[in-house]
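See below for the structure under consideration.
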Amino acid sequence: MDSSKKIVILISGNGSNAQAIIEACNENRIHGDVVAVISNKANAYGLTRAESFSIPAITIEHNKFDSRESFDESLMQIIEGYAPDLIVLAGFMRILTPMFVHQYRGKMLNIHPSLLPKYPGLNTHQRAIDAGDEKHGSSVHFVTEELDGGPVILKSVVPVLSNDTSETLAKRVAKQEWLIYPLVISWFCENKLNFCKNNVILNKKQISRCGLIYEEL
Ligand code: NHR
Ligand code: GAR
């Protein structure tokens, strides 16, 4: 049996995905331990959540640094103190430099609230509503230098309802995120999920660049 993986989670706010991942570890649905939760915003509620599970909750404010590079270097120093096997971006709102991404290549995941490759960047729920999309969702992908452009592992699909606001749609998407993110992380921690030459390998087989799809009937 392989040893339990060490996971560092980066957040900027609410931290509901971080909590779902912590709970999955505690319930042995993930063969791993969240060893630290790090926020670039001091008032992030996710820090309070981490503390309630007795997990180190650390703040490193990006606006105290004079460049993206110097912020990322300090962030990396903190992370290295925990010797993690996996970095998880969970509502982390700072674009990371190529140097940082290179350091954790194949070991860093993000959840992005759209059906990638649709709507990289910000304000995704409103953009899906404005476009009249019937389906929306969230995508878990490996992080590469290309913003929200790394290969997708798993997407969850939800309907867009005619009376949806960006808030109601975000809530529907979030509920699915709490399922699919722990699931993908469990695959990584069981060594079933690999990143190889910019492709996703699951159970030794390469999957499509658009990822697998999870959709409730
Ligand atoms: N970094 C790299 N290199 N590659 C990715 O794929 C990344 C990343 C950092 C974060 C999350 C991403 C998302 O899921 C993510 C993916 C922030 C922005 C952004 O524009 C865009 C995408 C994502 C996260 N951030 C602004 C910035 O100047 C700040 C916005 C704010 O503070 O509100 O960094 O959506
Ligand atoms: C999640 O819906 C996630 O997909 C999104 O922010 C939310 C964070 O919620 N991520 C981004 O928009 C990244 N730019 P949480 O803090 O409650 O986990």
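Residues in the structure tokens are numbered from 1 in each chain, the chains being A, B, ... in the order shown, and ligands are numbered from 1 in the order shown.
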Check which residues of chain A sit at most 10 Å from ligand 1 using only C-alpha atoms and all ligand atoms, and return one row each with the closest pair of atoms and their distance in Å to one decimal, ordered by chain and rising number, as CSV.
```
residue,atom,partner,partner_atom_place_in_ligand_line,distance
A:Leu10,CA,ligand 1,10 (C),9.5
A:Ile11,CA,ligand 1,10 (C),9.8
A:Ser12,CA,ligand 1,32 (O),8.3
A:Asn40,CA,ligand 1,32 (O),9.2
A:Lys41,CA,ligand 1,32 (O),9.2
A:His62,CA,ligand 1,32 (O),9.4
A:Arg68,CA,ligand 1,34 (O),8.6
A:Leu89,CA,ligand 1,11 (C),6.7
A:Ala90,CA,ligand 1,11 (C),7.9
A:Gly91,CA,ligand 1,14 (O),6.8
A:Phe92,CA,ligand 1,11 (C),5.7
A:Met93,CA,ligand 1,17 (C),3.8
A:Arg94,CA,ligand 1,34 (O),3.6
A:Ile95,CA,ligand 1,9 (C),3.7
A:Leu96,CA,ligand 1,1 (N),3.9
A:Thr97,CA,ligand 1,3 (N),5.5
A:Pro98,CA,ligand 1,3 (N),6.1
A:Met99,CA,ligand 1,3 (N),8.9
A:Phe100,CA,ligand 1,3 (N),7.7
A:Val101,CA,ligand 1,3 (N),5.8
A:His102,CA,ligand 1,3 (N),9.1
A:Met108,CA,ligand 1,5 (C),9.5
A:Leu109,CA,ligand 1,6 (O),8.7
A:Asn110,CA,ligand 1,14 (O),6.1
A:Ile111,CA,ligand 1,14 (O),5.6
A:His112,CA,ligand 1,14 (O),3.7
A:Pro113,CA,ligand 1,14 (O),6.5
A:Ser114,CA,ligand 1,14 (O),8.6
A:Tyr119,CA,ligand 1,35 (O),9.0
A:Pro120,CA,ligand 1,35 (O),6.5
A:Gly121,CA,ligand 1,21 (C),4.4
A:Leu122,CA,ligand 1,35 (O),5.6
A:Asn123,CA,ligand 1,35 (O),8.5
A:Thr124,CA,ligand 1,35 (O),8.2
A:Ser138,CA,ligand 1,14 (O),9.3
A:Ser139,CA,ligand 1,14 (O),8.7
A:Val140,CA,ligand 1,14 (O),8.9
A:His141,CA,ligand 1,6 (O),8.1
A:Phe142,CA,ligand 1,6 (O),7.7
A:Val143,CA,ligand 1,6 (O),4.7
A:Thr144,CA,ligand 1,4 (N),5.2
A:Glu145,CA,ligand 1,3 (N),4.4
A:Glu146,CA,ligand 1,4 (N),5.4
A:Leu147,CA,ligand 1,6 (O),3.7
A:Asp148,CA,ligand 1,6 (O),3.6
A:Gly149,CA,ligand 1,6 (O),5.8
A:Gly150,CA,ligand 1,6 (O),6.2
A:Pro151,CA,ligand 1,6 (O),9.7
```
Determine which residues of region 11-215 of chain A DSSP labels as strand (DSSP E) from the backbone of this structure, then write them out as a ChimeraX atom specification.
/A:11,32-39,57-59,86-89,108-112,135-142,152-159,193-196,199-202,205-206,212-215
Give me the residues near Ser16 (chain A) as a VMD selection string, where near means some atom within 10 Å (using only C-alpha atoms) and where sequence neighbours in that chain fewer than 6 positions away do not count.
chain A and resid 22 45 to 46 49 90 to 91 174 to 175 177 to 178
Figure out the distance between CA of Ile7 (chain A) and CA of Val37 (chain A), please, to one decimal in Å.
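Going from CA of Val37 (chain A) over to CA of Ile7 (chain A) covers 8.9 Å.
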Residues within 10 Å of Cys196 (chain A), please, as a ChimeraX atom specification. Count only C-alpha atoms; anything in the same chain fewer than 4 positions from it doesn't count.
/A:105-106,200-201,206
Export of the given selection (C-alpha atoms) as a tab-separated table (two decimals), in the first residue's frame:
```tsv
chain	number	residue	atom	x	y	z
A	105	ARG	CA	3.94	20.47	-13.12
A	106	GLY	CA	1.74	17.36	-13.06
A	200	VAL	CA	-4.13	13.02	-18.76
A	201	ILE	CA	-3.55	9.33	-18.07
A	206	GLN	CA	-4.92	8.43	-22.07
```
Find the residues near region 155-164 of chain A: any atom within 6 Å, counting only C-alpha atoms, skip ones fewer than 4 places away on the same chain, and give them as a compact mmCIF listing (two decimals) with N, CA and C atoms, in the first residue's frame.
```
# COMPACT_ATOMS: atom_id res chain seq x y z
N GLU A 134 -27.67 26.13 -22.52
CA GLU A 134 -28.59 25.24 -21.81
C GLU A 134 -27.87 24.45 -20.74
N LYS A 135 -26.55 24.29 -20.93
CA LYS A 135 -25.75 23.52 -19.97
C LYS A 135 -24.57 24.36 -19.51
N HIS A 136 -24.23 24.15 -18.25
CA HIS A 136 -23.07 24.82 -17.67
C HIS A 136 -22.42 23.81 -16.73
N GLY A 137 -21.39 24.22 -15.99
CA GLY A 137 -20.79 23.26 -15.09
C GLY A 137 -19.42 23.69 -14.63
N SER A 138 -18.61 22.70 -14.31
CA SER A 138 -17.29 22.96 -13.75
C SER A 138 -16.32 21.90 -14.25
N SER A 139 -15.05 22.27 -14.33
CA SER A 139 -14.03 21.38 -14.89
C SER A 139 -12.83 21.28 -13.95
N THR A 168 -27.89 31.67 -8.36
CA THR A 168 -28.56 30.36 -8.30
C THR A 168 -27.79 29.32 -9.12
N LEU A 169 -27.25 29.78 -10.25
CA LEU A 169 -26.47 28.87 -11.09
C LEU A 169 -25.18 28.46 -10.39
N ILE A 213 -17.00 13.10 -18.44
CA ILE A 213 -18.17 13.90 -18.10
C ILE A 213 -19.00 13.22 -17.02
N TYR A 214 -19.37 13.99 -16.02
CA TYR A 214 -20.27 13.53 -14.96
C TYR A 214 -21.55 14.35 -15.08
N GLU A 215 -22.68 13.67 -15.27
CA GLU A 215 -23.95 14.39 -15.38
C GLU A 215 -25.03 13.58 -14.70
```
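Taking CA of Ile79 (chain A) as the reference point, CA of Asn198 (chain A) is found at 23.7 Å.
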From the list A:Ala42, A:Ala18, A:Leu154, A:Ala50, the nearest residue to ligand 2 using only C-alpha atoms and all ligand atoms is A:Ala18
Find the residue from A:Lys205, A:Lys197, A:Lys192, A:Lys171 that sits nearest to ligand 2; use only C-alpha atoms and all ligand atoms when measuring.
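The closest residue to ligand 2 is A:Lys171.
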Rank nothing, just name the residue among A:Glu167, A:Glu190, A:Asp2, A:Glu216 nearest to ligand 2, using only C-alpha atoms and all ligand atoms.
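Checking each of A:Glu167, A:Glu190, A:Asp2, A:Glu216 against ligand 2, counting only C-alpha atoms and all ligand atoms, the winner is A:Glu167.
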Residue nearest Ile21 (chain A) - candidates A:Thr59, A:Ser186, A:Ser52, A:Asn43, atoms counted: only C-alpha atoms:
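Ranking A:Thr59, A:Ser186, A:Ser52, A:Asn43 by distance to Ile21 (chain A), first place goes to A:Ser186.
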Spatial neighbours of Ile185 (chain A), 9 Å, only C-alpha atoms, chain gap at least 6 places, as number ranges by chain:
A: 21, 30-32, 86, 88, 109, 193
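Distances to Leu202 (chain A) were evaluated for A:Glu61, A:Phe53, A:Val152, A:Thr165 using only C-alpha atoms, and the minimum falls at A:Val152.
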What parts of region 50-185 of chain A does DSSP call helix (DSSP H, G or I)? I'd like the answer as number ranges by chain.
A: 50-52, 62-64, 68-80, 98-103, 124-130, 166-185
To one decimal place in Å, what is the distance between CA of Asp130 (chain A) and CA of Leu212 (chain A)?
25.7 Å
